[in-house]
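File shown: start06.pdb (PDB, C-alpha atoms, pLDDT in the B column).
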```pdb
ATOM      1  CA  ARG L 158       0.000   0.000   0.000  1.00 53.00           C
ATOM      2  CA  SER L 159       1.236   3.482  -0.860  1.00 47.00           C
ATOM      3  CA  GLY L 160       0.754   6.428   1.496  1.00 48.00           C
ATOM      4  CA  ALA L 161       1.238  10.173   1.602  1.00 43.00           C
ATOM      5  CA  THR L 162       3.908   9.994   4.292  1.00 44.00           C
ATOM      6  CA  ALA L 163       6.258   8.247   1.869  1.00 46.00           C
ATOM      7  CA  GLY L 164       6.009  10.990  -0.728  1.00 47.00           C
ATOM      8  CA  THR L 165       4.320  10.934  -4.092  1.00 51.00           C
ATOM      9  CA  ILE L 166       4.440   7.626  -5.951  1.00 58.00           C
ATOM     10  CA  SER L 167       3.475   7.391  -9.607  1.00 80.00           C
ATOM     11  CA  GLU L 168       2.889   3.717 -10.495  1.00 88.00           C
ATOM     12  CA  LEU L 169       2.582   1.504  -7.443  1.00 91.00           C
ATOM     13  CA  VAL L 170       3.491  -1.647  -9.409  1.00 94.00           C
ATOM     14  CA  THR L 171       4.968  -1.829 -12.919  1.00 95.00           C
ATOM     15  CA  VAL L 172       5.293  -5.116 -14.795  1.00 97.00           C
ATOM     16  CA  ALA L 173       7.997  -4.924 -17.475  1.00 96.00           C
ATOM     17  CA  ALA L 174       9.311  -8.508 -17.650  1.00 96.00           C
ATOM     18  CA  PRO L 175       7.534 -11.344 -19.487  1.00 93.00           C
ATOM     19  CA  GLY L 176       5.970 -14.276 -17.686  1.00 95.00           C
ATOM     20  CA  VAL L 177       4.941 -12.401 -14.530  1.00 97.00           C
ATOM     21  CA  THR L 178       2.016 -13.638 -12.427  1.00 98.00           C
ATOM     22  CA  LEU L 179       0.558 -11.493  -9.645  1.00 98.00           C
ATOM     23  CA  GLU L 180      -1.403 -13.647  -7.230  1.00 97.00           C
ATOM     24  CA  HIS L 181      -2.994 -13.413  -3.753  1.00 95.00           C
ATOM     25  CA  LEU L 182      -2.295  -9.695  -3.337  1.00 94.00           C
ATOM     26  CA  ALA L 183      -4.079  -6.519  -2.239  1.00 92.00           C
ATOM     27  CA  LEU L 184      -2.648  -3.477  -4.052  1.00 93.00           C
ATOM     28  CA  VAL L 185      -3.957  -0.177  -2.690  1.00 90.00           C
ATOM     29  CA  HIS L 186      -2.653   3.098  -4.156  1.00 87.00           C
ATOM     30  CA  ALA L 187      -3.376   5.913  -1.701  1.00 77.00           C
ATOM     31  CA  GLU L 188      -1.628   8.617  -3.766  1.00 69.00           C
ATOM     32  CA  PRO L 189      -3.815  10.882  -5.949  1.00 65.00           C
ATOM     33  CA  ALA L 190      -1.767  10.169  -9.097  1.00 66.00           C
ATOM     34  CA  GLY L 191      -0.351   7.293 -11.112  1.00 79.00           C
ATOM     35  CA  ASN L 192      -1.626   3.789 -11.754  1.00 91.00           C
ATOM     36  CA  VAL L 193      -2.030   1.183  -9.047  1.00 94.00           C
ATOM     37  CA  LEU L 194      -0.778  -1.351 -11.597  1.00 95.00           C
ATOM     38  CA  GLN L 195       0.806  -0.787 -14.991  1.00 95.00           C
ATOM     39  CA  ALA L 196       1.763  -3.727 -17.206  1.00 96.00           C
ATOM     40  CA  LEU L 197       3.925  -3.054 -20.266  1.00 97.00           C
ATOM     41  CA  VAL L 198       3.976  -6.720 -21.312  1.00 97.00           C
ATOM     42  CA  PRO L 199       1.398  -9.533 -21.126  1.00 97.00           C
ATOM     43  CA  CYS L 200       0.873 -10.803 -17.582  1.00 97.00           C
ATOM     44  CA  ARG L 201      -1.428 -12.850 -15.367  1.00 98.00           C
ATOM     45  CA  VAL L 202      -3.380 -11.465 -12.424  1.00 98.00           C
ATOM     46  CA  ARG L 203      -5.180 -13.902 -10.136  1.00 97.00           C
ATOM     47  CA  GLN L 204      -7.033 -13.463  -6.848  1.00 96.00           C
ATOM     48  CA  VAL L 205      -5.960  -9.852  -6.448  1.00 96.00           C
ATOM     49  CA  ILE L 206      -7.656  -6.757  -4.991  1.00 95.00           C
ATOM     50  CA  LEU L 207      -6.854  -3.457  -6.758  1.00 95.00           C
ATOM     51  CA  ALA L 208      -7.939  -0.167  -5.220  1.00 92.00           C
ATOM     52  CA  GLY L 209      -7.122   3.533  -4.905  1.00 88.00           C
ATOM     53  CA  ARG L 210      -8.363   7.028  -5.600  1.00 85.00           C
ATOM     54  CA  SER L 211      -7.550   8.844  -8.847  1.00 86.00           C
ATOM     55  CA  THR L 212      -5.972   5.679 -10.187  1.00 90.00           C
ATOM     56  CA  ARG L 213      -6.597   2.601 -12.325  1.00 92.00           C
ATOM     57  CA  PRO L 214      -4.916  -0.592 -13.528  1.00 95.00           C
ATOM     58  CA  GLU L 215      -3.613  -0.304 -17.087  1.00 96.00           C
ATOM     59  CA  PHE L 216      -2.552  -3.218 -19.277  1.00 97.00           C
ATOM     60  CA  HIS L 217      -0.722  -2.208 -22.465  1.00 95.00           C
ATOM     61  CA  ALA L 218      -0.150  -5.615 -24.056  1.00 96.00           C
ATOM     62  CA  GLY L 219      -3.003  -7.797 -22.918  1.00 92.00           C
ATOM     63  CA  VAL L 220      -3.775  -9.553 -19.653  1.00 97.00           C
ATOM     64  CA  GLU L 221      -5.092 -12.848 -18.340  1.00 97.00           C
ATOM     65  CA  MET L 222      -7.165 -11.977 -15.302  1.00 98.00           C
ATOM     66  CA  ASP L 223      -9.119 -14.316 -13.049  1.00 98.00           C
ATOM     67  CA  THR L 224     -10.909 -13.613  -9.760  1.00 98.00           C
ATOM     68  CA  VAL L 225      -9.948  -9.951  -9.377  1.00 97.00           C
ATOM     69  CA  PHE L 226     -11.731  -7.259  -7.362  1.00 96.00           C
ATOM     70  CA  CYS L 227     -11.013  -3.852  -8.915  1.00 96.00           C
ATOM     71  CA  ALA L 228     -12.224  -0.876  -6.865  1.00 93.00           C
ATOM     72  CA  THR L 229     -10.085   1.860  -8.409  1.00 93.00           C
ATOM     73  CA  GLU L 230     -11.717   5.250  -9.003  1.00 91.00           C
ATOM     74  CA  TYR L 231     -11.080   5.161 -12.773  1.00 92.00           C
ATOM     75  CA  PRO L 232     -11.910   2.405 -15.298  1.00 94.00           C
ATOM     76  CA  LEU L 233      -9.680  -0.593 -15.875  1.00 96.00           C
ATOM     77  CA  ILE L 234      -7.833  -0.241 -19.205  1.00 96.00           C
ATOM     78  CA  ALA L 235      -6.722  -3.152 -21.401  1.00 96.00           C
ATOM     79  CA  ARG L 236      -5.338  -2.592 -24.875  1.00 94.00           C
ATOM     80  CA  ASN L 237      -3.145  -3.878 -27.705  1.00 92.00           C
ATOM     81  CA  GLY L 238      -3.125  -7.580 -26.949  1.00 92.00           C
ATOM     82  CA  PRO L 239      -5.313 -10.642 -26.515  1.00 94.00           C
ATOM     83  CA  SER L 240      -6.956 -10.534 -23.111  1.00 96.00           C
ATOM     84  CA  ALA L 241      -9.229 -12.642 -20.946  1.00 97.00           C
ATOM     85  CA  ILE L 242     -10.990 -11.230 -17.889  1.00 98.00           C
ATOM     86  CA  ARG L 243     -12.939 -13.877 -15.990  1.00 98.00           C
ATOM     87  CA  ASN L 244     -14.771 -14.305 -12.684  1.00 98.00           C
ATOM     88  CA  SER L 245     -14.067 -10.742 -11.587  1.00 98.00           C
ATOM     89  CA  ILE L 246     -15.674  -7.614 -10.124  1.00 97.00           C
ATOM     90  CA  VAL L 247     -14.806  -4.251 -11.702  1.00 97.00           C
ATOM     91  CA  LEU L 248     -16.535  -1.422  -9.845  1.00 94.00           C
ATOM     92  CA  HIS L 249     -15.762   1.579 -12.051  1.00 93.00           C
ATOM     93  CA  GLY L 250     -15.953   0.461 -15.634  1.00 95.00           C
ATOM     94  CA  LEU L 251     -13.940  -1.103 -18.445  1.00 96.00           C
ATOM     95  CA  ASP L 252     -12.069   0.586 -21.300  1.00 96.00           C
ATOM     96  CA  LEU L 253     -10.950  -1.996 -23.880  1.00 97.00           C
ATOM     97  CA  SER L 254      -9.209  -1.252 -27.183  1.00 95.00           C
ATOM     98  CA  GLY L 255      -7.072  -2.761 -29.930  1.00 94.00           C
ATOM     99  CA  THR L 256      -7.429  -5.229 -32.778  1.00 93.00           C
ATOM    100  CA  ALA L 257      -6.951  -8.403 -30.707  1.00 92.00           C
ATOM    101  CA  ALA L 258      -9.880 -10.380 -29.364  1.00 90.00           C
ATOM    102  CA  MET L 259     -10.776  -9.925 -25.708  1.00 96.00           C
ATOM    103  CA  GLU L 260     -12.887 -12.359 -23.695  1.00 97.00           C
ATOM    104  CA  ILE L 261     -14.939 -10.949 -20.820  1.00 98.00           C
ATOM    105  CA  ASP L 262     -16.591 -13.890 -19.081  1.00 98.00           C
ATOM    106  CA  ASN L 263     -18.522 -13.999 -15.811  1.00 98.00           C
ATOM    107  CA  VAL L 264     -17.689 -10.425 -14.797  1.00 98.00           C
ATOM    108  CA  LEU L 265     -19.593  -7.743 -12.881  1.00 97.00           C
ATOM    109  CA  VAL L 266     -18.889  -4.293 -14.361  1.00 97.00           C
ATOM    110  CA  ALA L 267     -20.298  -1.384 -12.372  1.00 89.00           C
ATOM    111  CA  GLY L 268     -19.806   2.377 -12.420  1.00 84.00           C
ATOM    112  CA  ALA L 269     -18.959   3.798 -15.827  1.00 85.00           C
ATOM    113  CA  GLY L 270     -20.084   0.772 -17.833  1.00 92.00           C
ATOM    114  CA  ALA L 271     -17.943  -0.446 -20.732  1.00 96.00           C
ATOM    115  CA  GLU L 272     -16.263   1.177 -23.722  1.00 96.00           C
ATOM    116  CA  VAL L 273     -15.328  -1.629 -26.130  1.00 96.00           C
ATOM    117  CA  ARG L 274     -13.038  -0.571 -29.001  1.00 95.00           C
ATOM    118  CA  CYS L 275     -11.998  -4.122 -29.870  1.00 95.00           C
ATOM    119  CA  PRO L 276     -13.578  -7.456 -30.834  1.00 95.00           C
ATOM    120  CA  GLY L 277     -14.720  -7.962 -27.260  1.00 95.00           C
ATOM    121  CA  GLN L 278     -16.751 -11.065 -26.448  1.00 97.00           C
ATOM    122  CA  PHE L 279     -18.934 -10.562 -23.354  1.00 98.00           C
ATOM    123  CA  SER L 280     -20.582 -13.629 -21.844  1.00 98.00           C
ATOM    124  CA  LYS L 281     -22.393 -14.140 -18.520  1.00 98.00           C
ATOM    125  CA  CYS L 282     -21.770 -10.567 -17.407  1.00 98.00           C
ATOM    126  CA  ILE L 283     -23.630  -7.901 -15.478  1.00 98.00           C
ATOM    127  CA  VAL L 284     -22.921  -4.340 -16.649  1.00 97.00           C
ATOM    128  CA  MET L 285     -24.315  -1.590 -14.427  1.00 96.00           C
ATOM    129  CA  GLY L 286     -24.090   1.267 -16.894  1.00 94.00           C
ATOM    130  CA  PRO L 287     -23.966   2.026 -20.614  1.00 96.00           C
ATOM    131  CA  VAL L 288     -22.118  -0.200 -23.074  1.00 97.00           C
ATOM    132  CA  THR L 289     -20.685   1.039 -26.385  1.00 97.00           C
ATOM    133  CA  LEU L 290     -19.445  -1.483 -28.956  1.00 97.00           C
ATOM    134  CA  TYR L 291     -17.158   0.012 -31.614  1.00 95.00           C
ATOM    135  CA  SER L 292     -16.140  -3.187 -33.448  1.00 93.00           C
ATOM    136  CA  GLU L 293     -18.318  -5.311 -35.699  1.00 90.00           C
ATOM    137  CA  GLY L 294     -16.674  -8.356 -34.118  1.00 91.00           C
ATOM    138  CA  ALA L 295     -17.987  -7.536 -30.638  1.00 95.00           C
ATOM    139  CA  SER L 296     -20.721  -9.580 -28.992  1.00 96.00           C
ATOM    140  CA  MET L 297     -22.895  -9.740 -25.884  1.00 97.00           C
ATOM    141  CA  SER L 298     -24.518 -12.963 -24.737  1.00 98.00           C
ATOM    142  CA  ASP L 299     -26.175 -14.379 -21.617  1.00 98.00           C
ATOM    143  CA  SER L 300     -25.721 -11.005 -19.920  1.00 98.00           C
ATOM    144  CA  ILE L 301     -27.621  -8.318 -18.024  1.00 98.00           C
ATOM    145  CA  ILE L 302     -27.094  -4.724 -19.163  1.00 98.00           C
ATOM    146  CA  CYS L 303     -28.530  -2.068 -16.846  1.00 96.00           C
ATOM    147  CA  GLY L 304     -28.086   0.871 -19.189  1.00 95.00           C
ATOM    148  CA  ASP L 305     -28.124   1.789 -22.867  1.00 96.00           C
ATOM    149  CA  LEU L 306     -26.432  -0.473 -25.403  1.00 97.00           C
ATOM    150  CA  LYS L 307     -24.883   1.283 -28.389  1.00 97.00           C
ATOM    151  CA  ALA L 308     -23.129  -0.216 -31.414  1.00 96.00           C
ATOM    152  CA  THR L 309     -21.376   2.129 -33.836  1.00 96.00           C
ATOM    153  CA  GLN L 310     -21.112  -0.534 -36.565  1.00 93.00           C
ATOM    154  CA  ALA L 311     -23.395  -3.208 -37.928  1.00 93.00           C
ATOM    155  CA  GLY L 312     -22.587  -6.833 -37.251  1.00 91.00           C
ATOM    156  CA  CYS L 313     -22.381  -6.938 -33.447  1.00 95.00           C
ATOM    157  CA  LYS L 314     -24.044 -10.039 -32.041  1.00 95.00           C
ATOM    158  CA  ILE L 315     -26.441  -9.483 -29.155  1.00 97.00           C
ATOM    159  CA  GLN L 316     -28.364 -12.489 -27.905  1.00 97.00           C
ATOM    160  CA  HIS L 317     -29.891 -13.902 -24.720  1.00 98.00           C
ATOM    161  CA  CYS L 318     -29.591 -10.587 -22.856  1.00 98.00           C
ATOM    162  CA  ASP L 319     -31.722  -8.502 -20.503  1.00 98.00           C
ATOM    163  CA  ILE L 320     -31.222  -4.887 -21.645  1.00 98.00           C
ATOM    164  CA  SER L 321     -32.965  -2.374 -19.388  1.00 94.00           C
ATOM    165  CA  GLY L 322     -31.898   0.695 -21.381  1.00 94.00           C
ATOM    166  CA  LYS L 323     -32.262   1.681 -25.027  1.00 95.00           C
ATOM    167  CA  CYS L 324     -30.553   0.015 -27.973  1.00 95.00           C
ATOM    168  CA  VAL L 325     -28.862   2.776 -29.973  1.00 95.00           C
ATOM    169  CA  ASP L 326     -27.595   3.034 -33.572  1.00 95.00           C
ATOM    170  CA  PHE L 327     -26.599  -0.432 -34.846  1.00 95.00           C
ATOM    171  CA  ALA L 328     -27.354  -2.316 -31.626  1.00 95.00           C
ATOM    172  CA  LYS L 329     -30.006  -4.837 -32.653  1.00 94.00           C
ATOM    173  CA  PRO L 330     -31.216  -7.261 -29.973  1.00 94.00           C
ATOM    174  CA  GLY L 331     -31.148 -10.797 -31.311  1.00 91.00           C
ATOM    175  CA  PRO L 332     -32.703 -14.062 -30.157  1.00 87.00           C
ATOM    176  CA  SER L 333     -34.168 -14.225 -26.668  1.00 95.00           C
ATOM    177  CA  CYS L 334     -33.350 -10.620 -25.692  1.00 97.00           C
ATOM    178  CA  PHE L 335     -35.813  -8.715 -23.505  1.00 97.00           C
ATOM    179  CA  SER L 336     -36.071  -5.723 -21.178  1.00 97.00           C
ATOM    180  CA  ALA L 337     -37.024  -6.147 -17.516  1.00 96.00           C
ATOM    181  CA  ASP L 338     -35.872  -5.380 -13.980  1.00 97.00           C
ATOM    182  CA  PRO L 339     -33.369  -8.182 -13.218  1.00 97.00           C
ATOM    183  CA  GLN L 340     -34.227  -8.067  -9.497  1.00 97.00           C
ATOM    184  CA  PHE L 341     -30.850  -8.174  -7.761  1.00 97.00           C
ATOM    185  CA  ALA L 342     -30.752  -9.205  -4.113  1.00 96.00           C
ATOM    186  CA  ASP L 343     -28.899  -6.212  -2.567  1.00 92.00           C
ATOM    187  CA  ARG L 344     -26.969  -3.895  -4.879  1.00 89.00           C
ATOM    188  CA  LYS L 345     -25.799  -1.598  -2.067  1.00 83.00           C
ATOM    189  CA  ASN L 346     -23.837  -4.454  -0.532  1.00 81.00           C
ATOM    190  CA  LEU L 347     -22.580  -5.870  -3.838  1.00 84.00           C
ATOM    191  CA  ASP L 348     -25.025  -8.756  -3.727  1.00 90.00           C
ATOM    192  CA  TYR L 349     -25.948  -9.129  -7.390  1.00 94.00           C
ATOM    193  CA  ARG L 350     -27.478 -12.558  -7.039  1.00 95.00           C
ATOM    194  CA  LEU L 351     -30.902 -12.886  -8.634  1.00 97.00           C
ATOM    195  CA  LEU L 352     -34.043 -13.082  -6.540  1.00 98.00           C
ATOM    196  CA  PRO L 353     -36.267 -16.154  -6.982  1.00 98.00           C
ATOM    197  CA  THR L 354     -38.739 -13.963  -8.929  1.00 98.00           C
ATOM    198  CA  SER L 355     -36.136 -12.599 -11.371  1.00 98.00           C
ATOM    199  CA  PRO L 356     -37.077 -12.781 -15.074  1.00 98.00           C
ATOM    200  CA  CYS L 357     -33.403 -13.593 -15.813  1.00 98.00           C
ATOM    201  CA  LEU L 358     -33.564 -17.058 -14.297  1.00 98.00           C
ATOM    202  CA  ARG L 359     -33.047 -19.897 -16.793  1.00 97.00           C
ATOM    203  CA  LYS L 360     -32.903 -17.518 -19.764  1.00 97.00           C
ATOM    204  CA  ALA L 361     -29.318 -18.192 -20.910  1.00 98.00           C
ATOM    205  CA  ALA L 362     -28.548 -20.174 -24.035  1.00 97.00           C
ATOM    206  CA  ASP L 363     -27.465 -23.174 -21.943  1.00 97.00           C
ATOM    207  CA  GLY L 364     -30.588 -23.050 -19.778  1.00 97.00           C
ATOM    208  CA  GLY L 365     -28.793 -21.367 -16.881  1.00 97.00           C
ATOM    209  CA  ASP L 366     -29.343 -17.879 -15.485  1.00 98.00           C
ATOM    210  CA  LEU L 367     -28.355 -14.656 -17.189  1.00 98.00           C
ATOM    211  CA  GLY L 368     -25.554 -12.622 -15.679  1.00 98.00           C
ATOM    212  CA  VAL L 369     -22.732 -13.553 -13.351  1.00 98.00           C
ATOM    213  CA  ARG L 370     -22.581 -17.070 -11.955  1.00 97.00           C
ATOM    214  CA  TRP L 371     -20.919 -16.489  -8.625  1.00 95.00           C
ATOM    215  CA  THR L 372     -18.078 -18.842  -7.749  1.00 95.00           C
ATOM    216  CA  PRO L 373     -16.957 -19.499  -4.145  1.00 95.00           C
ATOM    217  CA  GLU L 374     -13.684 -17.708  -4.936  1.00 95.00           C
ATOM    218  CA  MET L 375     -15.535 -14.580  -6.119  1.00 95.00           C
ATOM    219  CA  ALA L 376     -17.686 -14.570  -2.974  1.00 91.00           C
ATOM    220  CA  ALA L 377     -14.588 -14.915  -0.782  1.00 92.00           C
ATOM    221  CA  LEU L 378     -12.906 -12.022  -2.603  1.00 92.00           C
ATOM    222  CA  ILE L 379     -15.913  -9.773  -2.034  1.00 89.00           C
ATOM    223  CA  ARG L 380     -15.946 -10.665   1.676  1.00 89.00           C
ATOM    224  CA  GLN L 381     -12.245  -9.784   1.919  1.00 90.00           C
ATOM    225  CA  ALA L 382     -12.794  -6.461   0.132  1.00 88.00           C
ATOM    226  CA  VAL L 383     -15.694  -5.574   2.435  1.00 87.00           C
ATOM    227  CA  LEU L 384     -13.508  -6.403   5.453  1.00 89.00           C
ATOM    228  CA  LEU L 385     -10.738  -4.116   4.141  1.00 86.00           C
ATOM    229  CA  ARG L 386     -13.321  -1.383   3.638  1.00 87.00           C
ATOM    230  CA  GLN L 387     -14.455  -1.751   7.232  1.00 88.00           C
ATOM    231  CA  GLU L 388     -10.822  -1.341   8.306  1.00 87.00           C
ATOM    232  CA  GLY L 389     -10.556   1.877   6.282  1.00 84.00           C
ATOM    233  CA  MET L 390      -8.150   0.516   3.664  1.00 81.00           C
ATOM    234  CA  LEU L 391     -10.629   0.518   0.762  1.00 83.00           C
ATOM    235  CA  GLN L 392     -13.337   2.912  -0.381  1.00 81.00           C
ATOM    236  CA  PHE L 393     -16.171   1.801  -2.626  1.00 80.00           C
TER     237      PHE L 393
END
```
Please render this file's structure as structure tokens.
Amino acid sequence: RSGATAGTISELVTVAAPGVTLEHLALVHAEPAGNVLQALVPCRVRQVILAGRSTRPEFHAGVEMDTVFCATEYPLIARNGPSAIRNSIVLHGLDLSGTAAMEIDNVLVAGAGAEVRCPGQFSKCIVMGPVTLYSEGASMSDSIICGDLKATQAGCKIQHCDISGKCVDFAKPGPSCFSADPQFADRKNLDYRLLPTSPCLRKAADGGDLGVRWTPEMAALIRQAVLLRQEGMLQF
């Protein structure tokens, strides 16, 4: 954890060597500048908490991310390389760009929503905010979108989704899309499980529920983040 008493720190952690895996960590950037994590090369991030004010994680060459809790004030950025973000909670939005494919699977995205300037493939996600798809290779499936969905090009695939906002420009809901209140259990306490009366139950292509399918590891990570917030180390 960085702190004001140590002087101003720009990037808290920089990854510049190939083959790096960050695992079982809590990275908290308390300085009002710089990134909590900056990766200049592809890397893996697993079971990590990222937090801080006026900061974000930034991946410049792709990332493989699994079971991450990101509570930074600014959106997570991934660009310029194949990426996979799975089983994670991102509280202040995603900003994805580049020509490489990016897989976003089983992820809660809150805050600023998602800006997708790449062939991003979203599956089993909950997005609490607007989504903009800029690539004709982008897709949304088995997901819940609590905001407007915009596509700037034709050809985006949108299927088996609950979209509570408007579909704008080239965003054309496909098979089994609908618009309804998903009925989350307790949004204020990050409980995005579906109530027994939710219209999103059993509406996915595989017969499962739309949105995030919470793993024990994701639940444990949320409990740890809430505990750190109670101790004053995190704000969200």
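With distances restricted to only C-alpha atoms, L:Ser280 is the closest residue to L:Asp262 from L:Ser245, L:Gln340, L:Ser280, L:Gln381.
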Matched chain/residue IDs from the PyMOL selection byres ((chain L and resi 205) around 9), as a PyMOL selection string: chain L and resi 179-184+202-204+206-207+223-227+378
For the file shown, what are the residues hit by the PyMOL selection byres ((chain L and resi 391) around 12), laid out as a PDB file with C-alpha atoms, in the coordinates of the input?
```pdb
ATOM      1  CA  ARG L 158       0.000   0.000   0.000  1.00 53.00           C
ATOM      2  CA  ALA L 183      -4.079  -6.519  -2.239  1.00 92.00           C
ATOM      3  CA  LEU L 184      -2.648  -3.477  -4.052  1.00 93.00           C
ATOM      4  CA  VAL L 185      -3.957  -0.177  -2.690  1.00 90.00           C
ATOM      5  CA  HIS L 186      -2.653   3.098  -4.156  1.00 87.00           C
ATOM      6  CA  ALA L 187      -3.376   5.913  -1.701  1.00 77.00           C
ATOM      7  CA  ILE L 206      -7.656  -6.757  -4.991  1.00 95.00           C
ATOM      8  CA  LEU L 207      -6.854  -3.457  -6.758  1.00 95.00           C
ATOM      9  CA  ALA L 208      -7.939  -0.167  -5.220  1.00 92.00           C
ATOM     10  CA  GLY L 209      -7.122   3.533  -4.905  1.00 88.00           C
ATOM     11  CA  ARG L 210      -8.363   7.028  -5.600  1.00 85.00           C
ATOM     12  CA  PHE L 226     -11.731  -7.259  -7.362  1.00 96.00           C
ATOM     13  CA  CYS L 227     -11.013  -3.852  -8.915  1.00 96.00           C
ATOM     14  CA  ALA L 228     -12.224  -0.876  -6.865  1.00 93.00           C
ATOM     15  CA  THR L 229     -10.085   1.860  -8.409  1.00 93.00           C
ATOM     16  CA  GLU L 230     -11.717   5.250  -9.003  1.00 91.00           C
ATOM     17  CA  ILE L 379     -15.913  -9.773  -2.034  1.00 89.00           C
ATOM     18  CA  GLN L 381     -12.245  -9.784   1.919  1.00 90.00           C
ATOM     19  CA  ALA L 382     -12.794  -6.461   0.132  1.00 88.00           C
ATOM     20  CA  VAL L 383     -15.694  -5.574   2.435  1.00 87.00           C
ATOM     21  CA  LEU L 384     -13.508  -6.403   5.453  1.00 89.00           C
ATOM     22  CA  LEU L 385     -10.738  -4.116   4.141  1.00 86.00           C
ATOM     23  CA  ARG L 386     -13.321  -1.383   3.638  1.00 87.00           C
ATOM     24  CA  GLN L 387     -14.455  -1.751   7.232  1.00 88.00           C
ATOM     25  CA  GLU L 388     -10.822  -1.341   8.306  1.00 87.00           C
ATOM     26  CA  GLY L 389     -10.556   1.877   6.282  1.00 84.00           C
ATOM     27  CA  MET L 390      -8.150   0.516   3.664  1.00 81.00           C
ATOM     28  CA  GLN L 392     -13.337   2.912  -0.381  1.00 81.00           C
ATOM     29  CA  PHE L 393     -16.171   1.801  -2.626  1.00 80.00           C
TER      30      PHE L 393
END
```
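Taken over the whole file, the PyMOL selection byres ((chain L and resi 303-309) around 6) covers exactly Met285, Gly286, Pro287, Val288, Thr289, Leu290, Tyr291, Ile302, Gln310, Ser321, Gly322, Lys323, Cys324, Val325, Asp326, Phe327 and Ala328 of chain L.
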Contacts of L:Pro339 within 12 Å, only C-alpha atoms, excl. fewer than 4 positions in-chain, as a compact mmCIF listing (two decimals) with C-alpha atoms, keeping the file's coordinate frame:
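Produced file selection-v8.txt, reproduced below:
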```txt
# COMPACT_ATOMS: atom_id res chain seq x y z
CA ILE L 283 -23.63 -7.90 -15.48
CA VAL L 284 -22.92 -4.34 -16.65
CA MET L 285 -24.32 -1.59 -14.43
CA SER L 300 -25.72 -11.00 -19.92
CA ILE L 301 -27.62 -8.32 -18.02
CA ILE L 302 -27.09 -4.72 -19.16
CA CYS L 303 -28.53 -2.07 -16.85
CA CYS L 318 -29.59 -10.59 -22.86
CA ASP L 319 -31.72 -8.50 -20.50
CA ILE L 320 -31.22 -4.89 -21.64
CA SER L 321 -32.97 -2.37 -19.39
CA PHE L 335 -35.81 -8.72 -23.50
CA ASP L 343 -28.90 -6.21 -2.57
CA ARG L 344 -26.97 -3.90 -4.88
CA TYR L 349 -25.95 -9.13 -7.39
CA ARG L 350 -27.48 -12.56 -7.04
CA LEU L 351 -30.90 -12.89 -8.63
CA LEU L 352 -34.04 -13.08 -6.54
CA PRO L 353 -36.27 -16.15 -6.98
CA THR L 354 -38.74 -13.96 -8.93
CA SER L 355 -36.14 -12.60 -11.37
CA PRO L 356 -37.08 -12.78 -15.07
CA CYS L 357 -33.40 -13.59 -15.81
CA LEU L 358 -33.56 -17.06 -14.30
CA LYS L 360 -32.90 -17.52 -19.76
CA ASP L 366 -29.34 -17.88 -15.48
CA LEU L 367 -28.36 -14.66 -17.19
CA GLY L 368 -25.55 -12.62 -15.68
CA VAL L 369 -22.73 -13.55 -13.35
```
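For the set L:Cys200, L:Ile261, L:Leu251, L:Ala174, the residue with the smallest atom-to-atom gap to L:Gly238 is L:Cys200, counting only C-alpha atoms.
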